[in-house]
Amino acid sequence: MGAQAAALVARRPQDARLRRVGTSRAGTPLWLLSVGHGSRQVLVVAGPHANEPVGGATVLRLAERTLADPRLTEDADATWNLLLCLDPDGSRRNEGWLPGPYSLGRYFRNFFRPGFLEQPEWLPDGAAGARLPETRALLEVQDELRPFLQCSLHGVDVGGGFVELTRDLPGLARRVAHTAARLGIPRELGPYDTLYWPSLGPAVYSIPPPRPGDLAAAITEAAVESTWYHPHRHGTVTAVVEAPMWGVAGVENGQPPTDADGFLRTVSHTLRHDTRVLEQLLARLRPFVQGGTETEAGTGLGLRDVWPWPTADVRPRTPVVSEAARLLAPVDDYLLVCPGLADAWDPDVDTAARPLPPLNTAHLAALRIAGRRLALRTAGLLYQLVIASGRDPAGVLPELDRLIDEWCADYRDGCGARWISVARQVEYQSRVVLSAFELARRHAPVRSRSGEPGWGAETVVPMHRE
């Protein structure tokens, strides 16, 4: 991606520029590709979740389109700022499945997504307490540019496409429907992520303002402060654009269900059963792996001992996380939330404090997919933990192989999951971003700016010499 962006800048040095805006925990540059000279800034963030790679291809497609169409830059008084990848270290850990062939089994056996505290878009302690260098880099870019539109590019592994907004963009739902129909992309009409969120139209949802909450609520509801809402103070509207890798037609069925309670019982009981099986496998495996983290000073403290840092005004050192700890952190997160989700979905468990909203058939399909997703991700991470160690003293690998094959078959045969080509994923995501841009710029004030003096006046520095 970096090489392609550098080649694009070399081809159009007066219209495009590539600069480093930060460095990842492992020392990888964070590159921002900017196109245009307008006063109104657009920020597009690719790769915020390590297992969702489509955004990288989308930002390169958007760069080509904005260079080719002055209506998107000069005529709109706009500059497009494209962050190539927010979590390059995590993305690199998905390279086992990225080259293909694309099968569910290959994906989940090579799946990686860091634990909640290592995901760079979240601000569980607020912007002042941001710990990750990737997060701090994004916050600085947001405060520098003050974009009128921010698009965060995400991917749904199994399900359908949808959009989440911090402020309504009237007309977006109709455009999303048109784009999805043209490309054969199912729209997710009841995503698990947005179960309690207001709908702004089919497959478009309103992100509620952040509120205090525990870790489980943050993981399941994205309820904590995030980089989605941080630039809200600048008048920014954020669009989280989700594009599916494996599409499921059932998530588009908005009809009333025939037996919602029976379906929910099956989903919740299955999730409890799968969680118990995975907890037992983890208990067998854990004594043979080395967990914990080490700080740069080598204190040997565990991850949750190092965090939180004592004061918000002291910039923390980034912990050096061991291989086992890096894989176990998301496992612990998933197993933490599974029992509570099973109870929340079970009609026989009293959930008077927060009852489920009215559910359609699409909601039920999404909940089934979500329960299975948590189990498969956990199994895939445990599988990698064994493979990385080079041995299986606990004898769990055959069982993990069987579970992954069985659960992937349920996605394929039970849910009808079908691979969507990368080209269609990219085209869908690009068109949704362009639709959000067109709608947002109609009401965007001239208040955003670029912090780069002398834009385009100096000689371009090739990336490999930076």
# chains A, B, ... in the order shown; residues from 1 in each chain; ligands from 1
call {"tool": "residues_around", "arguments": {"residues": "stretch 93-110 of chain A", "least_positions_apart": "6", "cutoff": "7 Å", "atoms": "only C-alpha atoms", "output": "MDAnalysis selection string"}}
result
chainID A and resid 51 376:377 380 383:384 404:405 408
call {"tool": "residues_around", "arguments": {"residues": "A:Glu118", "least_positions_apart": "2", "cutoff": "10 Å", "atoms": "only C-alpha atoms", "output": "PyMOL selection string"}}
result
chain A and resi 87+90+113-116+120-122+131-132+134-135+326+329-330
call {"tool": "residues_around", "arguments": {"residues": "A:Pro398", "least_positions_apart": "2", "cutoff": "12 Å", "atoms": "only C-alpha atoms", "output": "ChimeraX atom specification"}}
result
/A:281,379,382-383,386-387,392-396,400-405
call {"tool": "closest_residue", "arguments": {"among": "A:Val267, A:Leu123, A:Ala324, A:Val21", "to": "A:Leu285", "atoms": "only C-alpha atoms"}}
result
A:Ala324
call {"tool": "closest_residue", "arguments": {"among": "A:Ala344, A:Gly155, A:Val349, A:Gly36", "to": "A:Asp69", "atoms": "only C-alpha atoms"}}
result
A:Gly36
call {"tool": "closest_residue", "arguments": {"among": "A:Ser226, A:Thr238, A:Thr378, A:Ser430", "to": "A:Glu64", "atoms": "only C-alpha atoms"}}
result
A:Ser430
call {"tool": "closest_residue", "arguments": {"among": "A:Ser199, A:Thr361, A:Thr79, A:Asn253", "to": "A:Arg40", "atoms": "only C-alpha atoms"}}
result
A:Thr79
call {"tool": "residues_around", "arguments": {"residues": "A:Pro202", "least_positions_apart": "6", "cutoff": "12 Å", "atoms": "only C-alpha atoms", "output": "list in words"}}
result
Gly160, Gly161, Phe162, Val163, Glu164, Pro170, Gly171, Leu172, Ala173, Arg174, Arg175, Val176, Ala177, His178, Ala180, Pro186, Arg187, Glu188, Leu189, Gly190, Pro191, Val251, Glu252, Asn253, Gly254 and Ala362 of chain A
call {"tool": "write_last_selection", "arguments": {"atoms": "N, CA, C and O atoms", "output": "compact mmCIF listing (two decimals), in the first residue's frame"}}
result
# COMPACT_ATOMS: atom_id res chain seq x y z
N GLY A 160 -23.59 -8.51 6.41
CA GLY A 160 -23.95 -7.56 5.37
C GLY A 160 -23.34 -6.21 5.62
O GLY A 160 -22.69 -5.97 6.63
N GLY A 161 -23.58 -5.30 4.68
CA GLY A 161 -23.05 -3.96 4.79
C GLY A 161 -23.99 -3.03 5.52
O GLY A 161 -25.21 -3.15 5.43
N PHE A 162 -23.42 -2.07 6.24
CA PHE A 162 -24.23 -1.05 6.90
C PHE A 162 -23.32 0.13 7.24
O PHE A 162 -22.10 0.07 7.09
N VAL A 163 -23.93 1.24 7.68
CA VAL A 163 -23.21 2.47 7.99
C VAL A 163 -23.66 2.96 9.35
O VAL A 163 -24.85 2.90 9.68
N GLU A 164 -22.71 3.48 10.12
CA GLU A 164 -23.01 4.09 11.42
C GLU A 164 -22.57 5.55 11.36
O GLU A 164 -21.46 5.85 10.88
N PRO A 170 -29.20 12.89 5.78
CA PRO A 170 -30.44 12.50 5.10
C PRO A 170 -30.20 12.13 3.65
O PRO A 170 -29.50 12.84 2.92
N GLY A 171 -30.76 11.01 3.25
CA GLY A 171 -30.59 10.53 1.89
C GLY A 171 -29.55 9.43 1.75
O GLY A 171 -29.47 8.77 0.70
N LEU A 172 -28.74 9.20 2.81
CA LEU A 172 -27.67 8.20 2.69
C LEU A 172 -28.25 6.79 2.59
O LEU A 172 -27.74 5.96 1.82
N ALA A 173 -29.31 6.50 3.34
CA ALA A 173 -29.87 5.15 3.31
C ALA A 173 -30.33 4.77 1.90
O ALA A 173 -30.12 3.64 1.46
N ARG A 174 -30.93 5.71 1.20
CA ARG A 174 -31.38 5.43 -0.17
C ARG A 174 -30.18 5.15 -1.08
O ARG A 174 -30.22 4.24 -1.92
N ARG A 175 -29.12 5.91 -0.93
CA ARG A 175 -27.92 5.70 -1.76
C ARG A 175 -27.24 4.38 -1.44
O ARG A 175 -26.74 3.69 -2.34
N VAL A 176 -27.20 4.03 -0.17
CA VAL A 176 -26.62 2.74 0.22
C VAL A 176 -27.42 1.60 -0.40
O VAL A 176 -26.85 0.62 -0.91
N ALA A 177 -28.74 1.72 -0.37
CA ALA A 177 -29.58 0.68 -0.95
C ALA A 177 -29.32 0.53 -2.44
O ALA A 177 -29.23 -0.60 -2.96
N HIS A 178 -29.18 1.64 -3.13
CA HIS A 178 -28.93 1.59 -4.58
C HIS A 178 -27.58 0.94 -4.87
O HIS A 178 -27.47 0.06 -5.74
N ALA A 180 -25.80 -1.09 -2.93
CA ALA A 180 -25.81 -2.50 -2.55
C ALA A 180 -26.53 -3.35 -3.59
O ALA A 180 -26.08 -4.45 -3.93
N PRO A 186 -25.50 -7.74 0.35
CA PRO A 186 -26.63 -7.69 1.28
C PRO A 186 -26.47 -6.56 2.28
O PRO A 186 -25.36 -6.31 2.77
N ARG A 187 -27.57 -5.87 2.56
CA ARG A 187 -27.56 -4.85 3.61
C ARG A 187 -27.96 -5.49 4.93
O ARG A 187 -28.91 -6.27 4.98
N GLU A 188 -27.27 -5.12 5.98
CA GLU A 188 -27.59 -5.69 7.29
C GLU A 188 -28.63 -4.80 7.97
O GLU A 188 -28.33 -3.68 8.39
N LEU A 189 -29.86 -5.31 8.07
CA LEU A 189 -30.98 -4.50 8.58
C LEU A 189 -31.16 -4.62 10.08
O LEU A 189 -32.07 -3.98 10.63
N GLY A 190 -30.33 -5.38 10.74
CA GLY A 190 -30.40 -5.47 12.20
C GLY A 190 -29.09 -5.91 12.79
O GLY A 190 -29.02 -6.95 13.45
N PRO A 191 -27.99 -5.16 12.57
CA PRO A 191 -26.67 -5.61 13.03
C PRO A 191 -26.62 -5.77 14.54
O PRO A 191 -27.23 -5.00 15.29
N VAL A 251 -29.57 -11.53 6.60
CA VAL A 251 -29.46 -10.29 7.37
C VAL A 251 -30.23 -9.16 6.71
O VAL A 251 -30.34 -8.07 7.28
N GLU A 252 -30.79 -9.41 5.53
CA GLU A 252 -31.55 -8.39 4.80
C GLU A 252 -33.05 -8.63 4.91
O GLU A 252 -33.85 -7.89 4.33
N ASN A 253 -33.44 -9.62 5.68
CA ASN A 253 -34.86 -9.99 5.79
C ASN A 253 -35.50 -9.22 6.94
O ASN A 253 -35.32 -9.54 8.11
N GLY A 254 -36.25 -8.19 6.60
CA GLY A 254 -36.89 -7.36 7.62
C GLY A 254 -38.26 -7.83 8.05
O GLY A 254 -38.97 -7.11 8.76
N ALA A 362 -34.05 -10.28 10.39
CA ALA A 362 -32.66 -9.87 10.18
C ALA A 362 -31.91 -9.78 11.50
O ALA A 362 -30.73 -10.17 11.58
call {"tool": "select_by_dssp", "arguments": {"residues": "stretch 2-127 of chain A", "states": "alpha helix (DSSP H)", "output": "MDAnalysis selection string"}}
result
chainID A and resid 2:11 54:68 88:92 104:109
call {"tool": "write_last_selection", "arguments": {"atoms": "C-alpha atoms", "output": "PDB file, in the first residue's frame"}}
result
ATOM      1  CA  GLY A   2       2.777   2.398   0.907  1.00  0.00           C
ATOM      2  CA  ALA A   3       4.617   1.643  -2.320  1.00  0.00           C
ATOM      3  CA  GLN A   4       1.493   2.221  -4.409  1.00  0.00           C
ATOM      4  CA  ALA A   5       0.795   5.491  -2.628  1.00  0.00           C
ATOM      5  CA  ALA A   6       4.382   6.652  -3.203  1.00  0.00           C
ATOM      6  CA  ALA A   7       4.124   5.782  -6.897  1.00  0.00           C
ATOM      7  CA  LEU A   8       0.894   7.765  -7.159  1.00  0.00           C
ATOM      8  CA  VAL A   9       2.561  10.816  -5.561  1.00  0.00           C
ATOM      9  CA  ALA A  10       5.542  10.518  -7.899  1.00  0.00           C
ATOM     10  CA  ARG A  11       3.116  10.552 -10.832  1.00  0.00           C
ATOM     11  CA  VAL A  54     -10.618  -3.927   2.591  1.00  0.00           C
ATOM     12  CA  GLY A  55     -10.192  -0.280   3.624  1.00  0.00           C
ATOM     13  CA  GLY A  56      -6.596  -0.295   2.419  1.00  0.00           C
ATOM     14  CA  ALA A  57      -7.658  -1.082  -1.129  1.00  0.00           C
ATOM     15  CA  THR A  58     -10.524   1.401  -0.810  1.00  0.00           C
ATOM     16  CA  VAL A  59      -8.316   4.381   0.087  1.00  0.00           C
ATOM     17  CA  LEU A  60      -6.081   3.681  -2.918  1.00  0.00           C
ATOM     18  CA  ARG A  61      -9.186   3.525  -5.127  1.00  0.00           C
ATOM     19  CA  LEU A  62     -10.420   6.810  -3.636  1.00  0.00           C
ATOM     20  CA  ALA A  63      -7.035   8.420  -4.283  1.00  0.00           C
ATOM     21  CA  GLU A  64      -7.214   7.480  -7.960  1.00  0.00           C
ATOM     22  CA  ARG A  65     -10.796   8.734  -8.249  1.00  0.00           C
ATOM     23  CA  THR A  66     -10.133  12.059  -6.548  1.00  0.00           C
ATOM     24  CA  LEU A  67      -7.100  12.661  -8.754  1.00  0.00           C
ATOM     25  CA  ALA A  68      -9.161  11.911 -11.865  1.00  0.00           C
ATOM     26  CA  PRO A  88      -0.286  -1.939  10.476  1.00  0.00           C
ATOM     27  CA  ASP A  89       1.186  -4.241  13.125  1.00  0.00           C
ATOM     28  CA  GLY A  90      -2.104  -6.043  13.677  1.00  0.00           C
ATOM     29  CA  SER A  91      -2.851  -6.104   9.953  1.00  0.00           C
ATOM     30  CA  ARG A  92       0.473  -7.788   9.264  1.00  0.00           C
ATOM     31  CA  LEU A 104     -13.814 -19.384   6.192  1.00  0.00           C
ATOM     32  CA  GLY A 105     -11.516 -22.002   7.686  1.00  0.00           C
ATOM     33  CA  ARG A 106      -8.391 -20.288   6.384  1.00  0.00           C
ATOM     34  CA  TYR A 107      -9.646 -16.923   7.621  1.00  0.00           C
ATOM     35  CA  PHE A 108     -10.429 -17.978  11.175  1.00  0.00           C
ATOM     36  CA  ARG A 109      -7.284 -20.095  11.578  1.00  0.00           C
TER      37      ARG A 109
END
call {"tool": "residues_around", "arguments": {"residues": "A:Leu335", "least_positions_apart": "6", "cutoff": "10 Å", "atoms": "only C-alpha atoms", "output": "ChimeraX atom specification"}}
result
/A:275-276,278-279,374-375,378
call {"tool": "write_last_selection", "arguments": {"atoms": "N, CA, C and O atoms", "output": "short mmCIF file (atom, residue, chain, number, x, y, z; two decimals), in the first residue's frame"}}
result
data_model
loop_
_atom_site.label_atom_id
_atom_site.label_comp_id
_atom_site.auth_asym_id
_atom_site.auth_seq_id
_atom_site.Cartn_x
_atom_site.Cartn_y
_atom_site.Cartn_z
N THR A 275 -19.04 -21.59 24.72
CA THR A 275 -18.16 -20.89 25.67
C THR A 275 -17.56 -21.87 26.68
O THR A 275 -16.36 -21.80 26.99
N ARG A 276 -18.38 -22.78 27.19
CA ARG A 276 -17.86 -23.77 28.15
C ARG A 276 -16.78 -24.65 27.51
O ARG A 276 -15.75 -24.93 28.13
N LEU A 278 -14.80 -23.87 25.00
CA LEU A 278 -13.60 -23.07 24.80
C LEU A 278 -12.89 -22.77 26.12
O LEU A 278 -11.65 -22.76 26.17
N GLU A 279 -13.65 -22.52 27.17
CA GLU A 279 -13.03 -22.29 28.48
C GLU A 279 -12.27 -23.52 28.95
O GLU A 279 -11.18 -23.41 29.54
N LEU A 374 -18.03 -15.01 17.80
CA LEU A 374 -17.25 -14.97 19.04
C LEU A 374 -16.57 -16.31 19.30
O LEU A 374 -15.39 -16.36 19.70
N ALA A 375 -17.30 -17.39 19.07
CA ALA A 375 -16.73 -18.72 19.29
C ALA A 375 -15.61 -19.02 18.29
O ALA A 375 -14.54 -19.53 18.66
N THR A 378 -12.40 -16.99 18.98
CA THR A 378 -11.70 -17.53 20.14
C THR A 378 -10.96 -18.82 19.77
O THR A 378 -9.79 -19.00 20.12
#
call {"tool": "atom_distance", "arguments": {"atom1": "atom CA of A:Ala127", "atom2": "atom CA of A:Leu149"}}
result
19.3 Å
call {"tool": "atom_distance", "arguments": {"atom1": "atom CA of A:Val331", "atom2": "atom CA of A:Arg373"}}
result
12.4 Å
call {"tool": "closest_residue", "arguments": {"among": "A:Ala365, A:Ala137, A:Val204, A:Cys85", "to": "A:Pro257", "atoms": "only C-alpha atoms"}}
result
A:Ala365
call {"tool": "atom_distance", "arguments": {"atom1": "atom CA of A:Pro53", "atom2": "atom CA of A:Arg424"}}
result
13.6 Å
